[in-house]
file query_18.cif (mmCIF, C-alpha atoms)
data_query
loop_
_atom_site.label_atom_id
_atom_site.label_comp_id
_atom_site.auth_asym_id
_atom_site.auth_seq_id
_atom_site.Cartn_x
_atom_site.Cartn_y
_atom_site.Cartn_z
CA MET L 286 -39.14 -2.66 -7.42
CA THR L 287 -41.36 -0.32 -9.42
CA GLU L 288 -43.18 -3.28 -10.94
CA ALA L 289 -43.93 -4.69 -7.48
CA LEU L 290 -45.26 -1.34 -6.29
CA ARG L 291 -47.46 -0.97 -9.35
CA ALA L 292 -48.74 -4.51 -8.82
CA ALA L 293 -49.72 -3.45 -5.30
CA GLY L 294 -51.83 -0.66 -6.78
CA HIS L 295 -49.48 2.33 -6.53
CA ASP L 296 -48.67 4.92 -9.17
CA VAL L 297 -44.87 5.17 -9.38
CA ALA L 298 -42.68 7.94 -10.78
CA VAL L 299 -38.88 7.70 -10.83
CA PRO L 300 -37.56 11.13 -11.86
CA ASP L 301 -33.92 11.72 -12.73
CA LEU L 302 -32.58 14.73 -10.81
CA PRO L 303 -29.63 16.75 -12.17
CA PHE L 304 -27.14 15.91 -9.42
CA HIS L 305 -24.33 15.99 -11.98
CA ASP L 306 -24.56 19.71 -12.73
CA PRO L 307 -22.93 22.01 -10.16
CA ALA L 308 -24.63 25.03 -11.76
CA THR L 309 -28.14 23.88 -10.84
CA THR L 310 -29.94 25.48 -7.92
CA PHE L 311 -31.96 23.66 -5.28
CA ASP L 312 -35.21 24.45 -7.10
CA GLN L 313 -33.81 23.27 -10.42
CA ARG L 314 -32.79 19.96 -8.89
CA VAL L 315 -36.23 19.44 -7.39
CA GLU L 316 -38.19 20.50 -10.47
CA PRO L 317 -38.11 17.11 -12.31
CA ALA L 318 -39.61 15.41 -9.25
CA LEU L 319 -42.34 18.05 -8.93
CA ARG L 320 -43.23 17.56 -12.60
CA ALA L 321 -43.25 13.79 -12.14
CA ILE L 322 -45.91 13.88 -9.41
CA GLU L 323 -48.26 16.18 -11.32
CA GLY L 324 -51.54 14.36 -11.71
CA LEU L 325 -50.76 11.69 -9.12
CA PRO L 326 -53.38 11.36 -6.39
CA ASP L 327 -52.79 12.41 -2.79
CA PRO L 328 -51.13 11.40 -0.61
CA VAL L 329 -47.73 11.17 -2.28
CA VAL L 330 -44.91 9.16 -0.72
CA ALA L 331 -41.66 10.92 -1.65
CA VAL L 332 -38.72 8.52 -1.32
CA GLY L 333 -35.31 10.17 -1.32
CA HIS L 334 -32.38 7.77 -1.59
CA SER L 335 -28.90 8.88 -0.48
CA MET L 336 -28.31 12.42 -1.81
CA GLY L 337 -31.91 12.46 -3.01
CA ALA L 338 -32.97 12.66 0.64
CA ARG L 339 -31.81 16.30 0.62
CA TYR L 340 -34.44 17.17 -1.97
CA ALA L 341 -37.34 14.80 -1.25
CA PRO L 342 -38.75 16.97 1.59
CA ALA L 343 -39.49 19.73 -0.93
CA VAL L 344 -41.48 17.23 -2.98
CA ALA L 345 -43.48 15.71 -0.14
CA ALA L 346 -44.26 19.12 1.32
CA ARG L 347 -46.03 20.17 -1.87
CA ARG L 348 -48.83 17.63 -1.43
CA GLU L 349 -51.41 17.45 1.35
CA GLY L 350 -50.99 14.58 3.82
CA SER L 351 -47.94 13.19 2.07
CA ARG L 352 -45.20 11.06 3.55
CA LEU L 353 -41.44 11.47 3.29
CA VAL L 354 -39.13 8.45 3.32
CA HIS L 355 -35.39 8.96 3.72
CA LEU L 356 -33.80 5.79 2.30
CA CYS L 357 -30.14 5.29 3.29
CA PRO L 358 -29.97 9.07 3.50
CA GLY L 359 -26.53 9.81 4.87
CA LEU L 360 -27.70 11.95 7.76
CA GLY L 361 -24.21 11.68 9.20
CA PRO L 362 -20.72 11.53 7.65
CA LEU L 363 -19.37 8.93 5.28
CA ARG L 364 -17.74 5.92 6.89
CA GLU L 365 -14.14 6.61 7.84
CA GLY L 366 -11.92 5.46 5.02
CA PHE L 367 -14.66 5.13 2.43
CA PRO L 368 -12.92 5.71 -0.93
CA TRP L 369 -14.97 8.59 -2.27
CA PRO L 370 -13.43 9.72 -5.57
CA PRO L 371 -11.43 12.95 -5.74
CA THR L 372 -13.25 16.18 -6.54
CA GLY L 373 -12.49 18.71 -9.23
CA ALA L 374 -12.19 22.46 -8.89
CA ASP L 375 -15.98 22.88 -8.96
CA GLY L 376 -16.46 20.22 -6.26
CA THR L 377 -17.75 17.60 -8.70
CA SER L 378 -16.53 14.01 -8.32
CA ALA L 379 -16.63 11.14 -10.80
CA TRP L 380 -16.28 7.42 -10.16
CA ASP L 381 -13.96 5.13 -12.04
CA ARG L 382 -16.10 2.19 -13.16
CA ASP L 383 -14.08 -0.55 -11.48
CA ALA L 384 -13.66 1.46 -8.28
CA ALA L 385 -17.42 2.08 -8.18
CA ILE L 386 -18.18 -1.62 -8.54
CA GLU L 387 -15.82 -2.46 -5.69
CA ALA L 388 -16.85 0.33 -3.32
CA LEU L 389 -20.55 0.87 -4.05
CA TYR L 390 -21.87 -2.47 -5.25
CA PRO L 391 -19.92 -5.29 -3.57
CA ARG L 392 -23.12 -7.09 -2.53
CA LEU L 393 -24.67 -7.17 -6.01
CA ALA L 394 -24.30 -9.72 -8.77
CA PRO L 395 -21.49 -8.68 -11.15
CA GLU L 396 -23.83 -8.06 -14.08
CA VAL L 397 -26.09 -5.86 -11.95
CA ALA L 398 -23.14 -3.98 -10.46
CA GLY L 399 -21.67 -3.40 -13.90
CA ARG L 400 -24.96 -2.11 -15.26
CA LEU L 401 -25.32 0.34 -12.39
CA ALA L 402 -21.71 1.50 -12.71
CA ASP L 403 -22.23 2.14 -16.43
CA HIS L 404 -25.02 4.58 -15.58
CA LEU L 405 -23.12 6.57 -12.95
CA ARG L 406 -22.71 10.26 -13.68
CA PRO L 407 -20.46 12.82 -12.03
CA MET L 408 -21.73 13.96 -8.64
CA ALA L 409 -21.86 17.67 -7.96
CA PRO L 410 -21.88 19.01 -4.38
CA PRO L 411 -25.29 19.60 -2.79
CA ALA L 412 -27.09 22.66 -4.10
CA GLY L 413 -27.42 25.56 -1.70
CA GLY L 414 -30.69 27.24 -0.90
CA HIS L 415 -34.01 25.97 0.30
CA PRO L 416 -37.32 24.94 -1.21
CA ARG L 417 -39.76 27.69 -2.10
CA GLY L 418 -41.82 28.80 0.90
CA ARG L 419 -42.09 27.09 4.24
CA PRO L 420 -44.67 24.33 3.78
CA PRO L 421 -45.79 22.04 6.61
CA ARG L 422 -43.39 19.24 7.45
CA PRO L 423 -44.64 15.91 6.09
CA ALA L 424 -44.67 12.72 8.14
CA THR L 425 -41.17 11.32 7.98
CA ALA L 426 -39.70 7.82 8.04
CA VAL L 427 -36.00 6.98 7.93
CA VAL L 428 -34.86 3.62 6.57
CA ILE L 429 -31.27 2.57 7.18
CA ALA L 430 -29.42 -0.48 5.88
CA LEU L 431 -27.45 -2.43 8.44
CA ASP L 432 -24.58 -3.16 6.05
CA ASP L 433 -24.57 0.21 4.30
CA GLU L 434 -21.22 0.60 2.54
CA LEU L 435 -21.25 4.41 2.78
CA PHE L 436 -22.80 5.25 6.15
CA ASP L 437 -22.40 3.65 9.56
CA PRO L 438 -25.82 2.52 10.81
CA SER L 439 -25.11 3.55 14.39
CA SER L 440 -24.44 7.14 13.26
CA GLU L 441 -27.50 7.11 11.02
CA ARG L 442 -29.67 5.72 13.82
CA ALA L 443 -28.53 8.48 16.18
CA ALA L 444 -28.93 11.21 13.55
CA ALA L 445 -32.48 10.09 12.74
CA ARG L 446 -33.38 10.42 16.38
CA GLU L 447 -31.52 13.67 17.06
CA LYS L 448 -32.12 15.55 13.80
CA LEU L 449 -35.57 14.31 12.82
CA GLY L 450 -37.02 12.93 16.04
CA VAL L 451 -37.81 9.51 14.57
CA VAL L 452 -36.74 5.94 15.25
CA ALA L 453 -35.12 4.57 12.12
CA ILE L 454 -36.51 1.49 10.40
CA GLU L 455 -33.66 -0.97 9.98
CA ILE L 456 -33.37 -3.35 7.06
CA PRO L 457 -30.69 -5.88 6.12
CA GLY L 458 -28.34 -5.26 3.24
CA GLY L 459 -26.32 -2.46 1.75
CA HIS L 460 -26.72 1.04 0.37
CA PHE L 461 -28.78 0.03 -2.66
CA PRO L 462 -31.74 -2.02 -1.37
CA MET L 463 -33.69 -1.30 -4.55
CA ALA L 464 -31.13 -3.41 -6.43
CA GLU L 465 -30.24 -5.90 -3.70
CA ASP L 466 -33.74 -6.89 -2.53
CA PRO L 467 -36.33 -4.96 -4.55
CA GLU L 468 -39.27 -7.09 -3.45
CA ALA L 469 -38.59 -6.51 0.25
CA LEU L 470 -38.15 -2.78 -0.26
CA ALA L 471 -41.35 -2.60 -2.28
CA ALA L 472 -43.22 -4.35 0.53
CA LEU L 473 -41.86 -1.86 3.07
CA LEU L 474 -42.75 1.15 0.92
CA ASP L 475 -46.21 -0.30 0.33
CA ARG L 476 -46.73 -0.51 4.10
CA LEU L 477 -45.50 3.02 4.65
CA ALA L 478 -47.76 4.30 1.89
CA ARG L 479 -50.81 2.56 3.34
CA GLU L 480 -50.15 4.17 6.72
CA VAL L 481 -50.90 7.59 5.22
CA ALA L 482 -53.59 6.49 2.76
CA PRO L 483 -56.92 8.29 3.20
#

call {"tool": "encode", "arguments": {"input": "query_18.cif", "output": "structure tokens"}}
result
Amino acid sequence: MTEALRAAGHDVAVPDLPFHDPATTFDQRVEPALRAIEGLPDPVVAVGHSMGARYAPAVAARREGSRLVHLCPGLGPLREGFPWPPTGADGTSAWDRDAAIEALYPRLAPEVAGRLADHLRPMAPPAGGHPRGRPPRPATAVVIALDDELFDPSSERAAAREKLGVVAIEIPGGHFPMAEDPEALAALLDRLAREVAP
């Protein structure tokens, strides 16, 4: 996906946020993304996937005229019965590799699913607190996947409308569109970026 976006003329940064560390604060989790966009031209399109959608607003709000994209954000609860792994005393959960492949990546080719599962880290609970200051709210888009394994699209559609006041953009596929159909996602993000381009 990043290659397709770069081919379309976009600068792309893919920071790794410390979701695995329960000791990190909100600002510490956002800091790698803020460093990653240093030097990039305005406007920035901050794409927050899944738990990353909790932190992407703090990134987009730092840059004038930027856009925020919540991608499969989990605005509502997990699907009933979804087999989220058990949590430890500090609230951190860790996936078993085979369970992750079955629950998270059933739509992906086995070699892709295995590669993604090999890179999974423990998941700490969301960090408390808020971004520094109260910057202006960036323009927001919500993208939901109609076969999302984790979140029911009807709940996500309603939450986008009720919590954020936007009509969700609906795409086919599951919770990881960047792996399932990277070209289609790149085309959508390219369109959303051009809508806020100066």

call {"tool": "residues_around", "arguments": {"input": "query_18.cif", "residues": "stretch 348-350 of chain L", "least_positions_apart": "3", "cutoff": "7 Å", "atoms": "all atoms listed in the file", "output": "list in words"}}
result
Asp327, Pro328, Val329, Ala345 and Pro423 of chain L

call {"tool": "atom_distance", "arguments": {"input": "query_18.cif", "atom1": "atom CA of L:Leu353", "atom2": "atom CA of L:Ala341"}}
result
7.0 Å

call {"tool": "closest_residue", "arguments": {"input": "query_18.cif", "among": "L:Arg320, L:Arg339, L:Arg352, L:His305", "to": "L:Ala379", "atoms": "all atoms listed in the file"}}
result
L:His305

call {"tool": "closest_residue", "arguments": {"input": "query_18.cif", "among": "L:Ile456, L:Ala384, L:Ala374, L:Leu319", "to": "L:Leu473", "atoms": "all atoms listed in the file"}}
result
L:Ile456

call {"tool": "residues_around", "arguments": {"input": "query_18.cif", "residues": "L:Ala402", "least_positions_apart": "5", "cutoff": "7 Å", "atoms": "only C-alpha atoms", "output": "ChimeraX atom specification"}}
result
/L:382,385-386

call {"tool": "closest_residue", "arguments": {"input": "query_18.cif", "among": "L:Ala346, L:Ala338, L:Val428, L:Leu435", "to": "L:Gly366", "atoms": "all atoms listed in the file"}}
result
L:Leu435

call {"tool": "closest_residue", "arguments": {"input": "query_18.cif", "among": "L:Ala443, L:Ile454, L:Phe367, L:Ala409", "to": "L:Ala430", "atoms": "all atoms listed in the file"}}
result
L:Ile454

call {"tool": "resolve_selection", "arguments": {"input": "query_18.cif", "expression": "the PyMOL selection byres ((chain L and resi 365) around 12)", "output": "count of residues only"}}
result
13

call {"tool": "residues_around", "arguments": {"input": "query_18.cif", "residues": "L:Leu474", "least_positions_apart": "5", "cutoff": "12 Å", "atoms": "all atoms listed in the file", "output": "ChimeraX atom specification"}}
result
/L:286-287,289-291,293,295,297,329-333,352-356,426-428,454,462-463,467-469,479-481

call {"tool": "closest_residue", "arguments": {"input": "query_18.cif", "among": "L:Asp312, L:Gly294, L:Leu470, L:Asp301", "to": "L:His404", "atoms": "all atoms listed in the file"}}
result
L:Asp301

call {"tool": "resolve_selection", "arguments": {"input": "query_18.cif", "expression": "the PyMOL selection byres ((chain L and resi 393-398) around 10)", "output": "number ranges by chain"}}
result
L: 382-383, 385-387, 389-392, 399-403, 459, 461-462, 464-466

call {"tool": "residues_around", "arguments": {"input": "query_18.cif", "residues": "L:Asp375", "least_positions_apart": "4", "cutoff": "10 Å", "atoms": "all atoms listed in the file", "output": "PDB file with C-alpha atoms, keeping the file's coordinate frame"}}
result
ATOM      1  CA  ASP L 306     -24.560  19.710 -12.730  1.00  0.00           C
ATOM      2  CA  PRO L 307     -22.930  22.010 -10.160  1.00  0.00           C
ATOM      3  CA  ALA L 308     -24.630  25.030 -11.760  1.00  0.00           C
ATOM      4  CA  ALA L 409     -21.860  17.670  -7.960  1.00  0.00           C
ATOM      5  CA  PRO L 410     -21.880  19.010  -4.380  1.00  0.00           C
TER       6      PRO L 410
END

call {"tool": "residues_near_point", "arguments": {"input": "query_18.cif", "point": "(-37.8, 4.8, 13.6)", "cutoff": "10 Å", "atoms": "all atoms listed in the file", "output": "MDAnalysis selection string"}}
result
chainID L and resid 425:429 442 445:446 449:455

call {"tool": "atom_distance", "arguments": {"input": "query_18.cif", "atom1": "atom CA of L:Met408", "atom2": "atom CA of L:Thr372"}}
result
9.0 Å

call {"tool": "axis_aligned_box", "arguments": {"input": "query_18.cif", "around": "stretch 447-453 of chain L", "padding_each_side": "8 Å", "output": "lines of an AutoDock Vina configuration file"}}
result
center_x = -34.7
center_y = 10.1
center_z = 14.6
size_x = 22.3
size_y = 27.0
size_z = 20.9

call {"tool": "closest_residue", "arguments": {"input": "query_18.cif", "among": "L:Ala298, L:Leu405, L:Met336, L:Val344", "to": "L:Glu316", "atoms": "only C-alpha atoms"}}
result
L:Val344

call {"tool": "decode", "arguments": {"input": "query_18.cif", "residues": "stretch 328-339 of chain L", "atoms": "all heavy atoms", "output": "mmCIF file, in the first residue's frame"}}
result
data_model
loop_
_atom_site.group_PDB
_atom_site.id
_atom_site.type_symbol
_atom_site.label_atom_id
_atom_site.label_comp_id
_atom_site.auth_asym_id
_atom_site.auth_seq_id
_atom_site.Cartn_x
_atom_site.Cartn_y
_atom_site.Cartn_z
ATOM 1 N N PRO L 328 -1.114 19.585 3.685
ATOM 2 C CA PRO L 328 -1.741 18.999 4.868
ATOM 3 C C PRO L 328 -1.315 17.543 5.057
ATOM 4 O O PRO L 328 -0.956 16.866 4.103
ATOM 5 C CB PRO L 328 -3.231 19.092 4.553
ATOM 6 C CG PRO L 328 -3.286 18.952 3.064
ATOM 7 C CD PRO L 328 -2.046 19.627 2.537
ATOM 8 N N VAL L 329 -1.361 17.100 6.285
ATOM 9 C CA VAL L 329 -1.066 15.703 6.613
ATOM 10 C C VAL L 329 -2.389 14.942 6.707
ATOM 11 O O VAL L 329 -3.379 15.466 7.204
ATOM 12 C CB VAL L 329 -0.311 15.617 7.955
ATOM 13 C CG1 VAL L 329 -0.277 14.183 8.481
ATOM 14 C CG2 VAL L 329 1.099 16.155 7.795
ATOM 15 N N VAL L 330 -2.398 13.722 6.200
ATOM 16 C CA VAL L 330 -3.536 12.824 6.397
ATOM 17 C C VAL L 330 -3.099 11.780 7.418
ATOM 18 O O VAL L 330 -2.234 10.949 7.134
ATOM 19 C CB VAL L 330 -3.980 12.156 5.082
ATOM 20 C CG1 VAL L 330 -5.116 11.181 5.347
ATOM 21 C CG2 VAL L 330 -4.401 13.197 4.062
ATOM 22 N N ALA L 331 -3.646 11.858 8.610
ATOM 23 C CA ALA L 331 -3.302 10.918 9.684
ATOM 24 C C ALA L 331 -4.299 9.772 9.661
ATOM 25 O O ALA L 331 -5.490 9.968 9.901
ATOM 26 C CB ALA L 331 -3.328 11.621 11.036
ATOM 27 N N VAL L 332 -3.820 8.580 9.350
ATOM 28 C CA VAL L 332 -4.675 7.393 9.265
ATOM 29 C C VAL L 332 -4.435 6.555 10.518
ATOM 30 O O VAL L 332 -3.328 6.082 10.762
ATOM 31 C CB VAL L 332 -4.361 6.567 8.010
ATOM 32 C CG1 VAL L 332 -5.289 5.348 7.932
ATOM 33 C CG2 VAL L 332 -4.485 7.427 6.756
ATOM 34 N N GLY L 333 -5.478 6.390 11.320
ATOM 35 C CA GLY L 333 -5.388 5.566 12.513
ATOM 36 C C GLY L 333 -6.186 4.298 12.328
ATOM 37 O O GLY L 333 -7.416 4.342 12.209
ATOM 38 N N HIS L 334 -5.503 3.156 12.296
ATOM 39 C CA HIS L 334 -6.177 1.875 12.114
ATOM 40 C C HIS L 334 -6.430 1.222 13.463
ATOM 41 O O HIS L 334 -5.542 1.148 14.310
ATOM 42 C CB HIS L 334 -5.326 0.942 11.246
ATOM 43 C CG HIS L 334 -5.868 -0.444 11.150
ATOM 44 N ND1 HIS L 334 -5.335 -1.517 11.847
ATOM 45 C CD2 HIS L 334 -6.924 -0.944 10.460
ATOM 46 C CE1 HIS L 334 -6.019 -2.611 11.573
ATOM 47 N NE2 HIS L 334 -6.987 -2.299 10.731
ATOM 48 N N SER L 335 -7.664 0.761 13.693
ATOM 49 C CA SER L 335 -8.032 0.019 14.886
ATOM 50 C C SER L 335 -7.673 0.835 16.130
ATOM 51 O O SER L 335 -8.110 1.982 16.263
ATOM 52 C CB SER L 335 -7.359 -1.362 14.865
ATOM 53 O OG SER L 335 -8.027 -2.269 15.712
ATOM 54 N N MET L 336 -6.850 0.302 17.045
ATOM 55 C CA MET L 336 -6.514 1.076 18.241
ATOM 56 C C MET L 336 -5.775 2.372 17.896
ATOM 57 O O MET L 336 -5.838 3.350 18.640
ATOM 58 C CB MET L 336 -5.690 0.254 19.219
ATOM 59 C CG MET L 336 -5.437 1.000 20.528
ATOM 60 S SD MET L 336 -4.455 0.108 21.746
ATOM 61 C CE MET L 336 -5.721 -0.947 22.456
ATOM 62 N N GLY L 337 -5.104 2.394 16.774
ATOM 63 C CA GLY L 337 -4.408 3.608 16.366
ATOM 64 C C GLY L 337 -5.340 4.786 16.159
ATOM 65 O O GLY L 337 -4.908 5.945 16.223
ATOM 66 N N ALA L 338 -6.628 4.509 15.942
ATOM 67 C CA ALA L 338 -7.594 5.595 15.770
ATOM 68 C C ALA L 338 -7.768 6.413 17.041
ATOM 69 O O ALA L 338 -8.234 7.554 16.986
ATOM 70 C CB ALA L 338 -8.937 5.031 15.308
ATOM 71 N N ARG L 339 -7.392 5.848 18.199
ATOM 72 C CA ARG L 339 -7.470 6.621 19.447
ATOM 73 C C ARG L 339 -6.433 7.734 19.487
ATOM 74 O O ARG L 339 -6.599 8.726 20.189
ATOM 75 C CB ARG L 339 -7.256 5.702 20.653
ATOM 76 C CG ARG L 339 -8.330 4.649 20.837
ATOM 77 C CD ARG L 339 -7.962 3.735 21.998
ATOM 78 N NE ARG L 339 -8.957 2.685 22.188
ATOM 79 C CZ ARG L 339 -9.971 2.762 23.031
ATOM 80 N NH1 ARG L 339 -10.135 3.850 23.754
ATOM 81 N NH2 ARG L 339 -10.824 1.769 23.158
#
